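Engineer: This is the content of start_13.tsv (TSV, C-alpha atoms and all ligand atoms):
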```tsv
chain	number	residue	atom	x	y	z
A	20	MET	CA	86.80	80.51	-99.16
A	21	LYS	CA	85.03	77.20	-98.81
A	22	ILE	CA	81.70	77.58	-100.55
A	23	ILE	CA	78.80	75.15	-100.98
A	24	LEU	CA	76.51	75.56	-103.99
A	25	LEU	CA	73.08	74.14	-103.16
A	26	GLY	CA	70.27	73.81	-105.65
A	27	ALA	CA	68.12	71.39	-107.61
A	28	PRO	CA	69.57	69.72	-110.69
A	29	GLY	CA	69.48	72.41	-113.38
A	30	ALA	CA	69.51	75.31	-110.90
A	31	GLY	CA	72.68	76.60	-112.58
A	32	LYS	CA	75.31	75.51	-110.02
A	33	GLY	CA	77.69	74.23	-112.68
A	34	VAL	CA	77.31	77.24	-114.97
A	35	TYR	CA	77.86	79.78	-112.18
A	36	ALA	CA	80.70	77.74	-110.67
A	37	SER	CA	82.54	77.79	-113.99
A	38	ARG	CA	82.42	81.63	-113.91
A	39	LEU	CA	83.11	82.04	-110.17
A	40	LYS	CA	86.13	79.71	-110.14
A	41	LYS	CA	87.92	82.05	-112.56
A	42	THR	CA	87.05	85.18	-110.53
A	43	TYR	CA	88.12	83.76	-107.16
A	44	GLY	CA	90.87	81.33	-108.23
A	45	ILE	CA	89.39	78.34	-106.42
A	46	PRO	CA	88.44	74.99	-108.00
A	47	HIS	CA	84.92	73.83	-108.79
A	48	ILE	CA	84.53	70.43	-107.17
A	49	SER	CA	81.40	68.62	-108.31
A	50	THR	CA	80.72	65.18	-106.85
A	51	GLY	CA	78.66	64.35	-109.95
A	52	ASP	CA	81.69	65.19	-112.14
A	53	LEU	CA	83.98	63.09	-109.91
A	54	LEU	CA	81.60	60.15	-110.32
A	55	ARG	CA	81.26	60.63	-114.10
A	56	LYS	CA	85.06	60.68	-114.38
A	57	ALA	CA	85.26	57.44	-112.36
A	58	ILE	CA	82.73	55.90	-114.79
A	59	ARG	CA	84.74	57.08	-117.83
A	60	ASP	CA	87.95	55.72	-116.26
A	61	LYS	CA	86.12	52.42	-115.60
A	62	THR	CA	87.28	52.33	-111.96
A	63	GLU	CA	85.58	50.10	-109.38
A	64	THR	CA	83.96	53.21	-107.87
A	65	GLY	CA	82.60	54.18	-111.28
A	66	LEU	CA	81.19	50.72	-111.91
A	67	ASN	CA	79.50	50.73	-108.50
A	68	ALA	CA	78.02	54.21	-108.98
A	69	LYS	CA	76.68	53.99	-112.53
A	70	THR	CA	73.38	52.16	-111.91
A	71	TYR	CA	72.42	54.53	-109.09
A	72	MET	CA	73.18	57.55	-111.25
A	73	ASP	CA	71.31	56.29	-114.31
A	74	ASN	CA	68.26	55.71	-112.10
A	75	GLY	CA	68.46	59.19	-110.58
A	76	GLU	CA	69.22	57.74	-107.13
A	77	PHE	CA	71.86	58.71	-104.58
A	78	VAL	CA	75.16	56.86	-104.68
A	79	PRO	CA	75.90	55.32	-101.24
A	80	ASP	CA	77.68	57.65	-98.81
A	81	GLU	CA	80.80	55.49	-98.39
A	82	ILE	CA	81.52	55.77	-102.15
A	83	ILE	CA	80.95	59.48	-102.46
A	84	ILE	CA	82.70	60.49	-99.22
A	85	ASP	CA	85.93	58.63	-100.07
A	86	LEU	CA	85.96	60.20	-103.52
A	87	LEU	CA	85.36	63.70	-102.10
A	88	LYS	CA	87.98	63.38	-99.33
A	89	GLU	CA	90.58	62.35	-101.90
A	90	ARG	CA	89.73	65.37	-104.06
A	91	LEU	CA	89.80	67.80	-101.11
A	92	GLU	CA	93.33	66.69	-100.23
A	93	GLN	CA	94.68	67.86	-103.58
A	94	GLU	CA	96.93	70.91	-103.72
A	95	ASP	CA	94.52	73.23	-105.58
A	96	ALA	CA	91.80	72.81	-102.93
A	97	GLN	CA	93.89	74.00	-100.01
A	98	ASN	CA	92.78	77.64	-100.24
A	99	GLY	CA	89.12	76.94	-100.84
A	100	MET	CA	86.67	75.50	-103.32
A	101	LEU	CA	83.20	75.73	-104.80
A	102	LEU	CA	81.57	72.51	-103.70
A	103	ASP	CA	78.72	71.40	-105.97
A	104	GLY	CA	76.53	68.34	-105.38
A	105	PHE	CA	77.65	67.74	-101.82
A	106	PRO	CA	76.10	67.64	-99.26
A	107	ARG	CA	72.82	66.20	-100.56
A	108	THR	CA	71.51	65.10	-97.14
A	109	ILE	CA	71.75	66.30	-93.55
A	110	GLU	CA	73.90	63.23	-92.75
A	111	GLN	CA	76.38	64.28	-95.46
A	112	ALA	CA	76.35	67.86	-94.11
A	113	LYS	CA	77.31	66.62	-90.64
A	114	ILE	CA	80.14	64.50	-92.09
A	115	LEU	CA	81.37	67.50	-94.09
A	116	ASP	CA	81.41	69.64	-90.91
A	117	GLU	CA	84.04	67.24	-89.56
A	118	ILE	CA	86.22	67.58	-92.66
A	119	ILE	CA	86.19	71.33	-93.48
A	120	LYS	CA	84.80	74.61	-92.13
A	121	ILE	CA	82.36	76.06	-94.66
A	122	SER	CA	82.45	79.85	-95.21
A	123	ALA	CA	79.11	80.24	-97.02
A	124	VAL	CA	76.31	78.31	-98.69
A	125	LEU	CA	74.77	79.77	-101.85
A	126	LYS	CA	71.33	78.26	-102.42
A	127	PHE	CA	69.93	78.64	-105.95
A	128	ASP	CA	66.11	78.56	-105.95
A	129	THR	CA	64.52	77.28	-109.18
A	130	LYS	CA	61.05	76.04	-110.11
A	131	GLN	CA	60.59	72.53	-111.51
A	132	GLU	CA	59.33	73.72	-114.92
A	133	VAL	CA	62.46	75.89	-115.33
A	134	VAL	CA	64.69	72.93	-114.45
A	135	LEU	CA	62.94	70.65	-116.95
A	136	ARG	CA	63.35	73.22	-119.72
A	137	ARG	CA	67.02	73.82	-118.95
A	138	LEU	CA	68.13	70.22	-118.55
A	139	GLY	CA	66.26	69.06	-121.64
A	140	GLY	CA	68.68	71.20	-123.69
A	141	ARG	CA	71.83	70.83	-121.56
A	142	LEU	CA	75.04	70.05	-123.43
A	143	ILE	CA	78.37	69.43	-121.70
A	144	CYS	CA	81.88	69.54	-123.13
A	145	LYS	CA	83.74	66.21	-123.02
A	146	GLY	CA	87.02	68.09	-122.69
A	147	CYS	CA	86.70	71.03	-120.24
A	148	GLY	CA	83.22	70.39	-118.77
A	149	GLU	CA	81.83	73.77	-119.89
A	150	ILE	CA	78.02	73.75	-119.96
A	151	PHE	CA	75.90	74.95	-122.90
A	152	ASN	CA	72.17	74.89	-123.64
A	153	SER	CA	70.85	74.14	-127.10
A	154	HIS	CA	68.04	76.73	-126.66
A	155	LYS	CA	69.36	79.42	-124.35
A	156	LEU	CA	73.15	79.17	-124.43
A	157	PRO	CA	74.07	77.46	-127.71
A	158	PRO	CA	77.68	76.87	-128.74
A	159	LYS	CA	78.90	78.89	-131.75
A	160	GLN	CA	79.32	75.68	-133.75
A	161	GLU	CA	76.75	72.92	-133.23
A	162	GLY	CA	78.03	70.07	-131.06
A	163	ILE	CA	81.47	71.68	-130.48
A	164	CYS	CA	82.79	73.48	-127.37
A	165	ASP	CA	83.56	77.21	-127.88
A	166	HIS	CA	86.51	77.00	-125.48
A	167	CYS	CA	88.43	73.80	-126.25
A	168	GLU	CA	86.72	72.61	-129.46
A	169	GLU	CA	85.99	69.18	-127.98
A	170	GLU	CA	82.70	67.38	-128.63
A	171	LEU	CA	79.58	68.23	-126.58
A	172	TYR	CA	77.37	65.49	-125.10
A	173	GLN	CA	74.05	65.13	-123.29
A	174	ARG	CA	74.09	63.42	-119.87
A	175	SER	CA	72.43	59.99	-119.78
A	176	ASP	CA	70.44	61.04	-116.68
A	177	ASP	CA	69.04	64.20	-118.30
A	178	THR	CA	65.78	62.51	-119.32
A	179	GLU	CA	62.43	63.96	-118.24
A	180	GLU	CA	61.68	60.96	-116.00
A	181	THR	CA	65.04	61.05	-114.23
A	182	ILE	CA	65.07	64.84	-113.92
A	183	THR	CA	61.63	64.74	-112.25
A	184	LYS	CA	62.87	62.08	-109.83
A	185	ARG	CA	66.08	64.00	-109.05
A	186	PHE	CA	64.08	67.20	-108.47
A	187	LYS	CA	61.73	65.41	-106.04
A	188	THR	CA	64.69	63.91	-104.16
A	189	TYR	CA	66.20	67.38	-103.87
A	190	GLU	CA	62.92	68.84	-102.53
A	191	ASP	CA	62.69	66.01	-99.97
A	192	GLN	CA	66.17	66.71	-98.61
A	193	ILE	CA	66.53	70.47	-98.79
A	194	ASN	CA	64.61	71.61	-95.68
A	195	PRO	CA	66.88	70.05	-93.03
A	196	LEU	CA	69.96	71.11	-95.01
A	197	GLU	CA	68.69	74.68	-95.25
A	198	GLU	CA	67.95	74.70	-91.51
A	199	HIS	CA	71.44	73.33	-90.73
A	200	TYR	CA	73.20	76.18	-92.55
A	201	LYS	CA	70.68	78.84	-91.45
A	202	ASN	CA	71.52	77.94	-87.86
A	203	LYS	CA	75.20	78.52	-88.64
A	204	ASP	CA	74.23	81.88	-90.20
A	205	ILE	CA	75.99	81.11	-93.50
A	206	LEU	CA	73.01	80.50	-95.84
A	207	TYR	CA	72.33	82.86	-98.77
A	208	SER	CA	69.30	82.21	-101.02
A	209	ILE	CA	69.35	83.42	-104.63
A	210	ASP	CA	66.46	83.41	-107.12
A	211	SER	CA	67.80	81.42	-110.07
A	212	ASN	CA	64.72	81.26	-112.31
A	213	THR	CA	66.08	83.82	-114.76
A	214	ASP	CA	68.09	82.91	-117.87
A	215	LEU	CA	71.37	81.32	-116.89
A	216	ILE	CA	74.00	83.63	-118.28
A	217	CYS	CA	72.95	86.95	-119.77
A	218	PRO	CA	74.76	90.30	-120.10
A	219	GLU	CA	73.12	91.68	-116.96
A	220	CYS	CA	73.24	88.43	-115.08
A	221	THR	CA	71.69	89.28	-111.73
A	222	VAL	CA	72.37	85.81	-110.31
A	223	LEU	CA	76.09	85.91	-111.04
A	224	ASN	CA	76.32	89.48	-109.70
A	225	GLU	CA	74.53	88.48	-106.53
A	226	CYS	CA	76.92	85.55	-106.02
A	227	LYS	CA	79.91	87.85	-106.48
A	228	LYS	CA	78.50	90.40	-104.03
A	229	ILE	CA	78.13	87.71	-101.36
A	230	LEU	CA	81.57	86.18	-102.02
A	231	ASP	CA	83.27	89.60	-102.04
A	232	THR	CA	81.78	90.36	-98.63
A	233	ILE	CA	82.82	86.97	-97.25
A	234	SER	CA	86.36	87.20	-98.60
A	235	LYS	CA	86.87	90.40	-96.55
A	236	ILE	CA	85.81	88.75	-93.27
B	301	LIG	P1	74.91	65.88	-110.30
B	301	LIG	O1	75.96	65.98	-111.35
B	301	LIG	O2	75.23	66.71	-109.08
B	301	LIG	O3	73.52	66.15	-110.83
B	301	LIG	O4	74.91	64.36	-109.79
B	301	LIG	C1	74.63	63.29	-110.67
B	301	LIG	C2	74.34	62.04	-109.88
B	301	LIG	O5	75.51	61.66	-109.12
B	301	LIG	C3	73.24	62.14	-108.83
B	301	LIG	O6	71.94	61.97	-109.40
B	301	LIG	C4	73.62	61.02	-107.87
B	301	LIG	O7	73.30	59.75	-108.43
B	301	LIG	C5	75.14	61.11	-107.85
B	301	LIG	N1	75.63	62.01	-106.78
B	301	LIG	C6	76.31	63.19	-106.94
B	301	LIG	N2	76.59	63.74	-105.75
B	301	LIG	C7	76.08	62.90	-104.81
B	301	LIG	C8	76.03	62.91	-103.37
B	301	LIG	N3	76.53	63.93	-102.66
B	301	LIG	N4	75.44	61.87	-102.75
B	301	LIG	C9	74.91	60.84	-103.44
B	301	LIG	N5	74.91	60.76	-104.79
B	301	LIG	C10	75.48	61.78	-105.47
```
Show the structure stored in the file as structure tokens.
Ligand code: AMP

Structural biologist:
Amino acid sequence: MKIILLGAPGAGKGVYASRLKKTYGIPHISTGDLLRKAIRDKTETGLNAKTYMDNGEFVPDEIIIDLLKERLEQEDAQNGMLLDGFPRTIEQAKILDEIIKISAVLKFDTKQEVVLRRLGGRLICKGCGEIFNSHKLPPKQEGICDHCEEELYQRSDDTEETITKRFKTYEDQINPLEEHYKNKDILYSIDSNTDLICPECTVLNECKKILDTISKI
């Protein structure tokens, strides 16, 4: 199953992907994570990408596409993946069509005020990448990951100004992308304004219902 997760920053793509990857045994491939790793590893790609990311702007296509192609060639991505953060534009969607055949696109719909609230408190594990929220999904021990006990950090682009800019960029690009996948009859929209992970998580259940149906086709 080759799945795209579409949604504004803070829509919950990363949180749901971390649950869905375990259920379906396919990797979560986030282009933002690939870029952040390149920055941590101080590669040329990372150095080139950092300024764009800190300003809430898109990294040029040639950088991101090379990085993604390399990741998609790895062994664990041969049976499918949950693709998060790509495509961001209709041009990227058309390039992706030439690389892989997408099974379904899950689009998480979230209002701007919800996004601002969520990202203001977002904490990410330096070790395993698990996502927490200081208000709604706090770790058991402050600043420490429940799963691997590594330190949690806040992303440098999770400031109100940058979040607002990233949200606007998303809104500007989403219509043609939505149309592209609607025309292929593989677009599924999900209301993601509710709390991210809760015992009766309707969003996660809805994702699973869609993916279970697709996996039988
Ligand atoms: P994310 O982790 O998905 O919120 O992405 C963080 C940042 O990485 C974005 O604000 C962009 O600067 C960059 N980025 C991630 N994916 C892409 C992409 N598909 N195209 C261009 N820039 C990207």

Engineer: When the cut-off is 7 Å and you count all atoms listed in the file, which residues lie near ligand LIG 301 (chain B), shown as a list in words?

Structural biologist: Pro28, Ser49, Thr50, Gly51, Asp52, Leu54, Tyr71, Met72, Gly75, Glu76, Phe77, Val78, Pro79, Asp80, Ile83, Asp103, Gly104, Phe105, Pro106, Arg107 and Arg185 of chain A

Engineer: One decimal, in Å: what's the spacing between CA of Ile193 (chain A) and CA of Thr108 (chain A)?

Structural biologist: 7.5 Å

Engineer: What does the structure give for the distance between CA of Ser208 (chain A) and CA of Phe127 (chain A), in Å to one decimal?

Structural biologist: 6.1 Å

Engineer: Figure out the distance between CA of Lys40 (chain A) and CA of Ile22 (chain A), please, to one decimal in Å.

Structural biologist: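 Computed distance, CA of Ile22 (chain A) to CA of Lys40 (chain A), equals 10.8 Å.
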
Engineer: What lies within 10 Å of Tyr200 (chain A) using only C-alpha atoms, ignoring chain neighbours under 6 positions off, as a PyMOL selection string?

Structural biologist: chain A and resi 112+121+123-124+206-207

Engineer: Taking all atoms listed in the file into account, name the residue in A:Asn74, A:Val134, A:Lys145, A:Glu89 that is nearest to Glu180 (chain A).

Structural biologist: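 Among the listed residues, the smallest separation from Glu180 (chain A) belongs to A:Asn74.
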
Engineer: Have a look at A:Leu138, A:Ala27, A:Cys226, A:Val34 and name the one nearest to Lys187 (chain A); count all atoms listed in the file.

Structural biologist: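 Residue with the minimum atom-to-atom distance to Lys187 (chain A): A:Ala27.
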